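Undergrad: If you scroll down you'll find the structure; I have some questions about it.
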Amino acid sequence: MFEKNTIHEMLCDSLGQDAQGVCRQDGIVVFVPDLLPGERALVKIVKTEKRYAYGRVEQRLNDSPDRRGPFCPIAKRCGGCVCQHMTYEATLEYKRAQVESLLLHVGGVDITVPPVLGMGHPYHYRNKGMYPVGMSHGQAVSGFFAPRSHDIISLPETGCPIQDEASSDAVRLILDWIRSYAIPVYDEKTHRGIVRHIMTRCTKSGELMVGIIAADRKLPQFDALLASLRKHLPQLKTVFLSVNTKPGNTILGEEIHTLWGAPTLQDTLSDLSFTISPLSFFQVNAVQTEKLYQLAVDYAGLTGTETVVDAYCGTGTISLLLARRAGKVIGIEIVDAAIQNAIQNAQRNGIQNARFFTGATEHILPELVADGLSPDVIVLDPPRKGCDPAVLDAIIAAGPKRVVYVSCGPSTLARDVAHLTRHGYTVSVVQPVDMFCWTSSIETVVKLSKGNIQH
């Protein structure tokens, strides 16, 4: 077993789930950030466990042809874009291999995963930003939390290269306002102060929503802030206040006040129009979302007569795309505000064959199936933790011809796929989509068919 603070020469042979290098020596796995397959390095052991250890590169002895320098000045401290030390093509192959390996070793599915659908320009793609606000050396700062901490890494002067540029501009303007008028910044330890976070959201047409998350219902000198935002951000359409007086890590409070402009934004997806409120879930990468959702619709294999369930439906994006090709669509979502948006979105787009239920999918879907619902297709788009066992059991009881699983967590996808394949389903198609470029995250769409025959 390695001892802490000792230095060893190691060879990286693969990448782990957070894109850290994986070295194997003396039967022990050592995880080493910023190391690529084929690279040798002198590694200092910083933490040890029974079967594995964590190391830090002291000196890299050779460079992989896939290595590149980070394009963001805070990449190594921020911890968000953990793949900036490799080429974009290498990130896509890493993610493809990760999905394939997890499906095989966790899901028991031996299938060749095709190349990831990437972006032509993988920069400034995020349409939503959440920026914590704090104090550093007596000055208000905003940016991103460092890994495994609440230490704020300040946003670079040039802005975040994966966020929409207007988002970074809005953060700088709000910081200027905080500093100019000595607006109290919230302190997590004392629970005093006002401003906690800044939120931004942009649409494909460029419209901008700006939100301030605060521990007070009143913002001092708000007129001055609004004047500055309107002067420098002509695309600004709404400013809201989210009141969050509770300690803890939850960012948005349930109390939302529109301070200026419209309460929502309008965005489009595959020629459909959607209302987006501050609390709404909407994918952060518009370009890749259209690819992802089109795959889900195609894999559903609809002819116009089918009954489809869209579980974890959010604001109804996939539901409404499915409804254009199905006989009837039932959407299920636990967030009531999202369901209200989904109903409005259906009305706005003239879609009358979609019905929505508010509640936890693990409660609603089993109840519907017990009441006789027999869908032809079930589409799943769960959070990273995957599906509750009750959801999977309800699917098995309902016996749809096809299950389309849209996943943001390949490990839980593999786990849930294993459960379904043990009960009569066969994986027929897998396609990863790079929604979160330069990060270790990957979205995957899987089509499962009832029995061994592909429908």
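How things are named: the first chain in the structure tokens is A, the next is B, and so on; residues count from 1 in each chain; ligands count from 1 in the order shown.
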Set the distance at 12 Å and use only C-alpha atoms: which residues neighbour Ser136 of chain A once local chain neighbours fewer than 2 positions away are removed? I'd like the list as a list in words.

TA: Val133, Gly134, Gly138, Gln139, Ala140, Val141, Ser142, Gly143, Asp151, Ile152, Ile153, Ser154, Val185 and Asp187 of chain A

Undergrad: Filtering to N, CA and C atoms, could you give me those residues as a short mmCIF file (atom, residue, chain, number, x, y, z; two decimals), in the first residue's frame?

TA:
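Done, and the output landed in selection.cif:
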```
data_model
loop_
_atom_site.label_atom_id
_atom_site.label_comp_id
_atom_site.auth_asym_id
_atom_site.auth_seq_id
_atom_site.Cartn_x
_atom_site.Cartn_y
_atom_site.Cartn_z
N VAL A 133 -22.12 34.54 -4.83
CA VAL A 133 -21.53 35.84 -4.50
C VAL A 133 -20.96 35.76 -3.09
N GLY A 134 -19.76 36.28 -2.90
CA GLY A 134 -19.13 36.26 -1.58
C GLY A 134 -18.12 37.38 -1.45
N GLY A 138 -11.95 41.58 1.41
CA GLY A 138 -12.71 42.80 1.60
C GLY A 138 -13.47 43.30 0.39
N GLN A 139 -13.53 42.49 -0.67
CA GLN A 139 -14.23 42.91 -1.89
C GLN A 139 -15.21 41.83 -2.34
N ALA A 140 -16.37 42.27 -2.83
CA ALA A 140 -17.37 41.33 -3.33
C ALA A 140 -16.86 40.65 -4.60
N VAL A 141 -17.05 39.35 -4.68
CA VAL A 141 -16.63 38.58 -5.85
C VAL A 141 -17.74 37.62 -6.25
N SER A 142 -17.70 37.17 -7.47
CA SER A 142 -18.66 36.19 -7.95
C SER A 142 -17.99 35.32 -9.00
N GLY A 143 -18.39 34.09 -9.08
CA GLY A 143 -17.80 33.18 -10.05
C GLY A 143 -18.31 31.77 -9.84
N ASP A 151 -15.33 27.91 -1.54
CA ASP A 151 -14.42 28.99 -1.88
C ASP A 151 -14.72 29.44 -3.30
N ILE A 152 -14.97 30.74 -3.48
CA ILE A 152 -15.37 31.25 -4.79
C ILE A 152 -14.14 31.58 -5.63
N ILE A 153 -14.09 30.99 -6.82
CA ILE A 153 -13.08 31.34 -7.82
C ILE A 153 -13.69 32.42 -8.71
N SER A 154 -13.10 33.61 -8.71
CA SER A 154 -13.70 34.75 -9.40
C SER A 154 -13.79 34.51 -10.91
N VAL A 185 -23.24 41.55 1.19
CA VAL A 185 -23.17 40.21 0.61
C VAL A 185 -23.47 39.18 1.70
N ASP A 187 -23.35 36.13 4.10
CA ASP A 187 -22.29 35.34 4.72
C ASP A 187 -22.88 34.01 5.18
#
```

Undergrad: If you run DSSP on the backbone here, which positions in segment 17-174 of chain A get strand (DSSP E)? Please write them as a PyMOL selection string.

TA: chain A and resi 21-25+28-32+40-48+52-60+128-136+139-145+152-154

Undergrad: Write the selection just made, keeping N, CA and C atoms, as a short mmCIF file (atom, residue, chain, number, x, y, z; two decimals), in the first residue's frame?

TA:
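The resulting file, again_29.cif, is shown below:
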```cif
data_model
loop_
_atom_site.label_atom_id
_atom_site.label_comp_id
_atom_site.auth_asym_id
_atom_site.auth_seq_id
_atom_site.Cartn_x
_atom_site.Cartn_y
_atom_site.Cartn_z
N GLY A 21 -6.82 10.80 -14.45
CA GLY A 21 -6.03 9.68 -14.92
C GLY A 21 -6.11 8.51 -13.97
N VAL A 22 -6.10 7.30 -14.53
CA VAL A 22 -6.13 6.08 -13.72
C VAL A 22 -4.80 5.36 -13.91
N CYS A 23 -4.06 5.21 -12.82
CA CYS A 23 -2.80 4.48 -12.82
C CYS A 23 -2.97 3.22 -11.97
N ARG A 24 -2.29 2.15 -12.36
CA ARG A 24 -2.37 0.90 -11.61
C ARG A 24 -0.95 0.44 -11.29
N GLN A 25 -0.71 0.28 -10.01
CA GLN A 25 0.63 -0.10 -9.58
C GLN A 25 0.55 -0.94 -8.31
N ILE A 28 -2.82 -1.63 -6.85
CA ILE A 28 -3.59 -0.50 -6.33
C ILE A 28 -3.91 0.47 -7.46
N VAL A 29 -5.15 0.96 -7.49
CA VAL A 29 -5.54 1.99 -8.45
C VAL A 29 -5.27 3.36 -7.83
N VAL A 30 -4.61 4.21 -8.60
CA VAL A 30 -4.33 5.56 -8.14
C VAL A 30 -4.98 6.54 -9.12
N PHE A 31 -5.86 7.42 -8.61
CA PHE A 31 -6.53 8.42 -9.44
C PHE A 31 -5.71 9.71 -9.42
N VAL A 32 -5.37 10.19 -10.61
CA VAL A 32 -4.48 11.35 -10.72
C VAL A 32 -5.08 12.36 -11.71
N ARG A 40 3.47 9.27 -18.58
CA ARG A 40 4.15 8.89 -17.35
C ARG A 40 4.39 10.14 -16.53
N ALA A 41 4.37 9.98 -15.21
CA ALA A 41 4.57 11.14 -14.36
C ALA A 41 5.09 10.70 -13.00
N LEU A 42 5.75 11.62 -12.34
CA LEU A 42 6.08 11.45 -10.93
C LEU A 42 4.87 11.92 -10.15
N VAL A 43 4.29 11.00 -9.37
CA VAL A 43 3.00 11.26 -8.71
C VAL A 43 3.19 11.24 -7.20
N LYS A 44 2.71 12.28 -6.54
CA LYS A 44 2.74 12.34 -5.09
C LYS A 44 1.41 11.85 -4.53
N ILE A 45 1.45 10.88 -3.63
CA ILE A 45 0.24 10.34 -3.03
C ILE A 45 -0.29 11.35 -2.00
N VAL A 46 -1.54 11.78 -2.19
CA VAL A 46 -2.13 12.78 -1.30
C VAL A 46 -3.22 12.21 -0.39
N LYS A 47 -3.75 11.03 -0.75
CA LYS A 47 -4.78 10.42 0.07
C LYS A 47 -4.80 8.93 -0.21
N THR A 48 -4.97 8.13 0.83
CA THR A 48 -4.99 6.68 0.65
C THR A 48 -6.26 6.07 1.22
N TYR A 52 -7.56 1.86 -3.04
CA TYR A 52 -7.16 2.85 -4.03
C TYR A 52 -6.55 4.06 -3.33
N ALA A 53 -6.01 4.96 -4.15
CA ALA A 53 -5.38 6.16 -3.60
C ALA A 53 -5.58 7.31 -4.57
N TYR A 54 -5.31 8.52 -4.10
CA TYR A 54 -5.36 9.71 -4.94
C TYR A 54 -3.98 10.34 -4.98
N GLY A 55 -3.61 10.78 -6.17
CA GLY A 55 -2.29 11.38 -6.34
C GLY A 55 -2.35 12.72 -7.04
N ARG A 56 -1.19 13.41 -7.03
CA ARG A 56 -1.05 14.70 -7.70
C ARG A 56 0.21 14.66 -8.55
N VAL A 57 0.11 15.18 -9.76
CA VAL A 57 1.28 15.20 -10.65
C VAL A 57 2.33 16.16 -10.11
N GLU A 58 3.51 15.64 -9.84
CA GLU A 58 4.64 16.47 -9.46
C GLU A 58 5.46 16.87 -10.69
N GLN A 59 5.61 15.90 -11.61
CA GLN A 59 6.32 16.18 -12.86
C GLN A 59 5.83 15.21 -13.93
N ARG A 60 5.37 15.76 -15.04
CA ARG A 60 4.95 14.93 -16.17
C ARG A 60 6.17 14.61 -17.02
N LYS A 128 -27.64 29.09 -19.33
CA LYS A 128 -28.03 29.37 -17.94
C LYS A 128 -26.79 29.37 -17.07
N GLY A 129 -26.73 30.34 -16.15
CA GLY A 129 -25.60 30.40 -15.24
C GLY A 129 -26.07 30.65 -13.81
N MET A 130 -25.40 30.01 -12.86
CA MET A 130 -25.63 30.23 -11.43
C MET A 130 -24.30 30.63 -10.80
N TYR A 131 -24.23 31.84 -10.27
CA TYR A 131 -22.96 32.37 -9.77
C TYR A 131 -23.07 32.74 -8.30
N PRO A 132 -22.36 32.05 -7.42
CA PRO A 132 -22.37 32.44 -6.00
C PRO A 132 -21.67 33.79 -5.82
N VAL A 133 -22.12 34.54 -4.83
CA VAL A 133 -21.53 35.84 -4.50
C VAL A 133 -20.96 35.76 -3.09
N GLY A 134 -19.76 36.28 -2.90
CA GLY A 134 -19.13 36.26 -1.58
C GLY A 134 -18.12 37.38 -1.45
N MET A 135 -17.39 37.36 -0.36
CA MET A 135 -16.37 38.37 -0.11
C MET A 135 -14.99 37.72 -0.13
N SER A 136 -14.03 38.43 -0.73
CA SER A 136 -12.65 37.97 -0.76
C SER A 136 -11.74 39.17 -0.59
N GLN A 139 -13.53 42.49 -0.67
CA GLN A 139 -14.23 42.91 -1.89
C GLN A 139 -15.21 41.83 -2.34
N ALA A 140 -16.37 42.27 -2.83
CA ALA A 140 -17.37 41.33 -3.33
C ALA A 140 -16.86 40.65 -4.60
N VAL A 141 -17.05 39.35 -4.68
CA VAL A 141 -16.63 38.58 -5.85
C VAL A 141 -17.74 37.62 -6.25
N SER A 142 -17.70 37.17 -7.47
CA SER A 142 -18.66 36.19 -7.95
C SER A 142 -17.99 35.32 -9.00
N GLY A 143 -18.39 34.09 -9.08
CA GLY A 143 -17.80 33.18 -10.05
C GLY A 143 -18.31 31.77 -9.84
N PHE A 144 -17.42 30.86 -9.44
CA PHE A 144 -17.78 29.46 -9.28
C PHE A 144 -17.09 28.89 -8.04
N PHE A 145 -17.76 27.94 -7.40
CA PHE A 145 -17.16 27.29 -6.25
C PHE A 145 -16.01 26.37 -6.70
N ILE A 152 -14.97 30.74 -3.48
CA ILE A 152 -15.37 31.25 -4.79
C ILE A 152 -14.14 31.58 -5.63
N ILE A 153 -14.09 30.99 -6.82
CA ILE A 153 -13.08 31.34 -7.82
C ILE A 153 -13.69 32.42 -8.71
N SER A 154 -13.10 33.61 -8.71
CA SER A 154 -13.70 34.75 -9.40
C SER A 154 -13.79 34.51 -10.91
#
```

Undergrad: So, with only C-alpha atoms as the atoms that count, which of A:Pro114, A:Pro432, A:Pro383, A:Gly304 lies closest to Thr412 of chain A?

TA: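 Using only C-alpha atoms, the shortest distance to Thr412 of chain A belongs to A:Pro383.
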
Undergrad: Which one is closest to Val406 of chain A: A:Cys81, A:Ala97, A:Leu103, A:Leu292? Count only C-alpha atoms.

TA: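 Answer, going by the shortest atom-to-atom distance: A:Leu292.
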
Undergrad: Can you pull out the residues contacting Gln283 of chain A? Cut-off 9 Å, using only C-alpha atoms, and skip same-chain residues under 6 positions away; I want them as an MDAnalysis selection string.

TA: chainID A and resid 126:128 289 435

Undergrad: For those residues, write N, CA and C atoms to a file as a compact mmCIF listing (two decimals), in the first residue's frame.

TA:
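That gives us result-v1.txt:
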```txt
# COMPACT_ATOMS: atom_id res chain seq x y z
N ARG A 126 -23.62 27.49 -23.01
CA ARG A 126 -24.54 27.41 -21.87
C ARG A 126 -25.48 28.61 -21.85
N ASN A 127 -26.78 28.32 -21.77
CA ASN A 127 -27.76 29.41 -21.75
C ASN A 127 -28.23 29.75 -20.34
N LYS A 128 -27.64 29.09 -19.33
CA LYS A 128 -28.03 29.37 -17.94
C LYS A 128 -26.79 29.37 -17.07
N THR A 289 -29.52 20.16 -27.46
CA THR A 289 -30.83 19.70 -26.99
C THR A 289 -31.69 19.24 -28.17
N MET A 435 -23.68 17.30 -24.43
CA MET A 435 -24.43 18.48 -24.02
C MET A 435 -23.58 19.44 -23.20
```

Undergrad: Could you tell me how far atom CA of Tyr181 of chain A lies from atom CA of Ile74 of chain A, in Å and to one decimal?

TA: 27.9 Å

Undergrad: Determine which residues of segment 49-274 of chain A receive a DSSP assignment of alpha helix (DSSP H), computed from the backbone, and state them as a PyMOL selection string.

TA: chain A and resi 75-78+88-105+165-180+222-232

Undergrad: With N, CA and C atoms retained, export the selected residues as a short mmCIF file (atom, residue, chain, number, x, y, z; two decimals), in the first residue's frame.

TA:
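Listing of out.cif after writing:
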```cif
data_model
loop_
_atom_site.label_atom_id
_atom_site.label_comp_id
_atom_site.auth_asym_id
_atom_site.auth_seq_id
_atom_site.Cartn_x
_atom_site.Cartn_y
_atom_site.Cartn_z
N ALA A 75 -9.34 27.38 -15.28
CA ALA A 75 -9.79 26.00 -15.51
C ALA A 75 -9.35 25.05 -14.39
N LYS A 76 -8.08 25.13 -13.98
CA LYS A 76 -7.57 24.18 -13.00
C LYS A 76 -8.10 24.46 -11.60
N ARG A 77 -8.47 25.72 -11.31
CA ARG A 77 -8.97 26.06 -9.98
C ARG A 77 -10.48 25.92 -9.89
N CYS A 78 -11.18 26.20 -10.98
CA CYS A 78 -12.64 26.16 -10.98
C CYS A 78 -13.16 24.73 -10.85
N TYR A 88 -10.69 18.50 -27.96
CA TYR A 88 -12.12 18.25 -27.92
C TYR A 88 -12.43 16.85 -28.44
N GLU A 89 -11.72 16.43 -29.49
CA GLU A 89 -11.94 15.09 -30.04
C GLU A 89 -11.64 14.01 -29.00
N ALA A 90 -10.62 14.26 -28.17
CA ALA A 90 -10.29 13.29 -27.13
C ALA A 90 -11.37 13.24 -26.05
N THR A 91 -12.00 14.38 -25.75
CA THR A 91 -13.08 14.37 -24.76
C THR A 91 -14.25 13.53 -25.26
N LEU A 92 -14.54 13.63 -26.54
CA LEU A 92 -15.66 12.86 -27.09
C LEU A 92 -15.39 11.36 -27.03
N GLU A 93 -14.15 10.97 -27.33
CA GLU A 93 -13.82 9.54 -27.27
C GLU A 93 -13.83 9.05 -25.83
N TYR A 94 -13.35 9.88 -24.91
CA TYR A 94 -13.39 9.51 -23.48
C TYR A 94 -14.82 9.26 -23.03
N LYS A 95 -15.74 10.13 -23.43
CA LYS A 95 -17.13 9.98 -23.01
C LYS A 95 -17.78 8.76 -23.66
N ARG A 96 -17.46 8.53 -24.94
CA ARG A 96 -18.00 7.36 -25.63
C ARG A 96 -17.57 6.08 -24.93
N ALA A 97 -16.27 6.01 -24.63
CA ALA A 97 -15.74 4.81 -23.98
C ALA A 97 -16.33 4.62 -22.58
N GLN A 98 -16.58 5.72 -21.90
CA GLN A 98 -17.17 5.63 -20.56
C GLN A 98 -18.56 5.01 -20.62
N VAL A 99 -19.39 5.47 -21.55
CA VAL A 99 -20.74 4.92 -21.70
C VAL A 99 -20.67 3.44 -22.05
N GLU A 100 -19.80 3.09 -23.00
CA GLU A 100 -19.67 1.69 -23.43
C GLU A 100 -19.22 0.80 -22.29
N SER A 101 -18.25 1.26 -21.51
CA SER A 101 -17.72 0.46 -20.40
C SER A 101 -18.78 0.26 -19.31
N LEU A 102 -19.50 1.31 -18.96
CA LEU A 102 -20.51 1.18 -17.90
C LEU A 102 -21.67 0.29 -18.34
N LEU A 103 -22.08 0.42 -19.59
CA LEU A 103 -23.15 -0.45 -20.07
C LEU A 103 -22.73 -1.92 -20.01
N LEU A 104 -21.46 -2.19 -20.31
CA LEU A 104 -20.97 -3.57 -20.28
C LEU A 104 -20.79 -4.08 -18.86
N HIS A 105 -20.07 -3.32 -18.03
CA HIS A 105 -19.67 -3.83 -16.72
C HIS A 105 -20.74 -3.65 -15.64
N GLU A 165 -22.07 34.97 -23.56
CA GLU A 165 -21.28 36.16 -23.23
C GLU A 165 -22.10 37.21 -22.46
N ALA A 166 -23.40 37.32 -22.75
CA ALA A 166 -24.23 38.28 -22.02
C ALA A 166 -24.33 37.91 -20.55
N SER A 167 -24.22 36.62 -20.24
CA SER A 167 -24.28 36.15 -18.87
C SER A 167 -23.11 36.72 -18.06
N SER A 168 -21.92 36.64 -18.60
CA SER A 168 -20.75 37.17 -17.92
C SER A 168 -20.84 38.69 -17.77
N ASP A 169 -21.37 39.36 -18.78
CA ASP A 169 -21.54 40.81 -18.72
C ASP A 169 -22.48 41.19 -17.57
N ALA A 170 -23.56 40.44 -17.42
CA ALA A 170 -24.53 40.74 -16.36
C ALA A 170 -23.90 40.57 -14.97
N VAL A 171 -23.09 39.54 -14.80
CA VAL A 171 -22.43 39.32 -13.51
C VAL A 171 -21.51 40.49 -13.18
N ARG A 172 -20.74 40.95 -14.15
CA ARG A 172 -19.83 42.08 -13.89
C ARG A 172 -20.60 43.34 -13.51
N LEU A 173 -21.73 43.58 -14.16
CA LEU A 173 -22.52 44.77 -13.86
C LEU A 173 -23.11 44.70 -12.45
N ILE A 174 -23.56 43.52 -12.06
CA ILE A 174 -24.13 43.37 -10.71
C ILE A 174 -23.03 43.51 -9.65
N LEU A 175 -21.86 42.99 -9.94
CA LEU A 175 -20.74 43.17 -9.01
C LEU A 175 -20.37 44.64 -8.86
N ASP A 176 -20.37 45.36 -9.97
CA ASP A 176 -20.09 46.80 -9.91
C ASP A 176 -21.10 47.52 -9.02
N TRP A 177 -22.36 47.12 -9.13
CA TRP A 177 -23.43 47.71 -8.30
C TRP A 177 -23.22 47.38 -6.82
N ILE A 178 -22.89 46.14 -6.53
CA ILE A 178 -22.65 45.73 -5.14
C ILE A 178 -21.50 46.53 -4.53
N ARG A 179 -20.42 46.66 -5.30
CA ARG A 179 -19.25 47.37 -4.79
C ARG A 179 -19.50 48.87 -4.68
N SER A 180 -20.18 49.44 -5.67
CA SER A 180 -20.39 50.90 -5.68
C SER A 180 -21.30 51.36 -4.55
N PHE A 222 -31.90 49.49 -6.04
CA PHE A 222 -32.23 48.66 -7.20
C PHE A 222 -32.37 49.49 -8.47
N ASP A 223 -32.90 50.70 -8.36
CA ASP A 223 -33.07 51.55 -9.55
C ASP A 223 -31.74 51.79 -10.25
N ALA A 224 -30.68 51.95 -9.46
CA ALA A 224 -29.36 52.17 -10.05
C ALA A 224 -28.89 50.91 -10.78
N LEU A 225 -29.15 49.75 -10.19
CA LEU A 225 -28.78 48.50 -10.85
C LEU A 225 -29.55 48.33 -12.15
N LEU A 226 -30.85 48.55 -12.10
CA LEU A 226 -31.67 48.37 -13.29
C LEU A 226 -31.23 49.31 -14.41
N ALA A 227 -30.92 50.55 -14.07
CA ALA A 227 -30.48 51.51 -15.08
C ALA A 227 -29.19 51.02 -15.75
N SER A 228 -28.28 50.46 -14.96
CA SER A 228 -27.03 49.96 -15.51
C SER A 228 -27.25 48.74 -16.40
N LEU A 229 -28.09 47.81 -15.94
CA LEU A 229 -28.37 46.62 -16.74
C LEU A 229 -29.03 46.98 -18.07
N ARG A 230 -29.99 47.87 -18.03
CA ARG A 230 -30.71 48.26 -19.26
C ARG A 230 -29.80 49.02 -20.21
N LYS A 231 -28.89 49.80 -19.67
CA LYS A 231 -27.99 50.59 -20.52
C LYS A 231 -27.00 49.70 -21.26
N HIS A 232 -26.47 48.71 -20.57
CA HIS A 232 -25.40 47.90 -21.16
C HIS A 232 -25.86 46.57 -21.75
#
```

Undergrad: Using only C-alpha atoms, pick whichever of A:Tyr405, A:Gly80, A:Thr203, A:Glu333 has the shortest atom-to-atom distance to Ala146 of chain A.

TA: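 Of the candidates, the smallest distance to Ala146 of chain A is held by A:Gly80.
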
Undergrad: Could you tell me which of A:Ala354, A:Leu392, A:Arg196, A:Thr317 comes closest to Thr245 of chain A if we count only C-alpha atoms?

TA: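 Checking each candidate against Thr245 of chain A, we get A:Arg196 as the closest.
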
Undergrad: Taking 6 positions as the minimum chain separation for residues in the same chain, which residues sit within 8 Å of Pro382 of chain A when counting only C-alpha atoms? Answer as a compact mmCIF listing (two decimals) with N, CA and C atoms, in the first residue's frame.

TA:
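As a result, part_18.txt now contains:
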```txt
# COMPACT_ATOMS: atom_id res chain seq x y z
N ALA A 311 -42.07 10.40 -18.68
CA ALA A 311 -41.79 10.49 -17.26
C ALA A 311 -40.68 11.50 -17.00
N TYR A 312 -40.81 12.25 -15.91
CA TYR A 312 -39.88 13.34 -15.59
C TYR A 312 -39.89 14.37 -16.73
N VAL A 406 -33.51 8.69 -21.71
CA VAL A 406 -32.61 9.83 -21.90
C VAL A 406 -31.90 10.05 -20.57
N SER A 407 -30.58 9.94 -20.57
CA SER A 407 -29.84 9.91 -19.31
C SER A 407 -28.74 10.96 -19.27
N CYS A 408 -28.58 11.58 -18.08
CA CYS A 408 -27.44 12.47 -17.85
C CYS A 408 -26.44 11.82 -16.91
```

Undergrad: Just the residues within 7 Å of segment 34-37 of chain A, please, counting only C-alpha atoms, with nothing from its chain fewer than 3 positions along; format it as an NGL selection string.

TA: :A and (12-15 or 20-21 or 64 or 85)
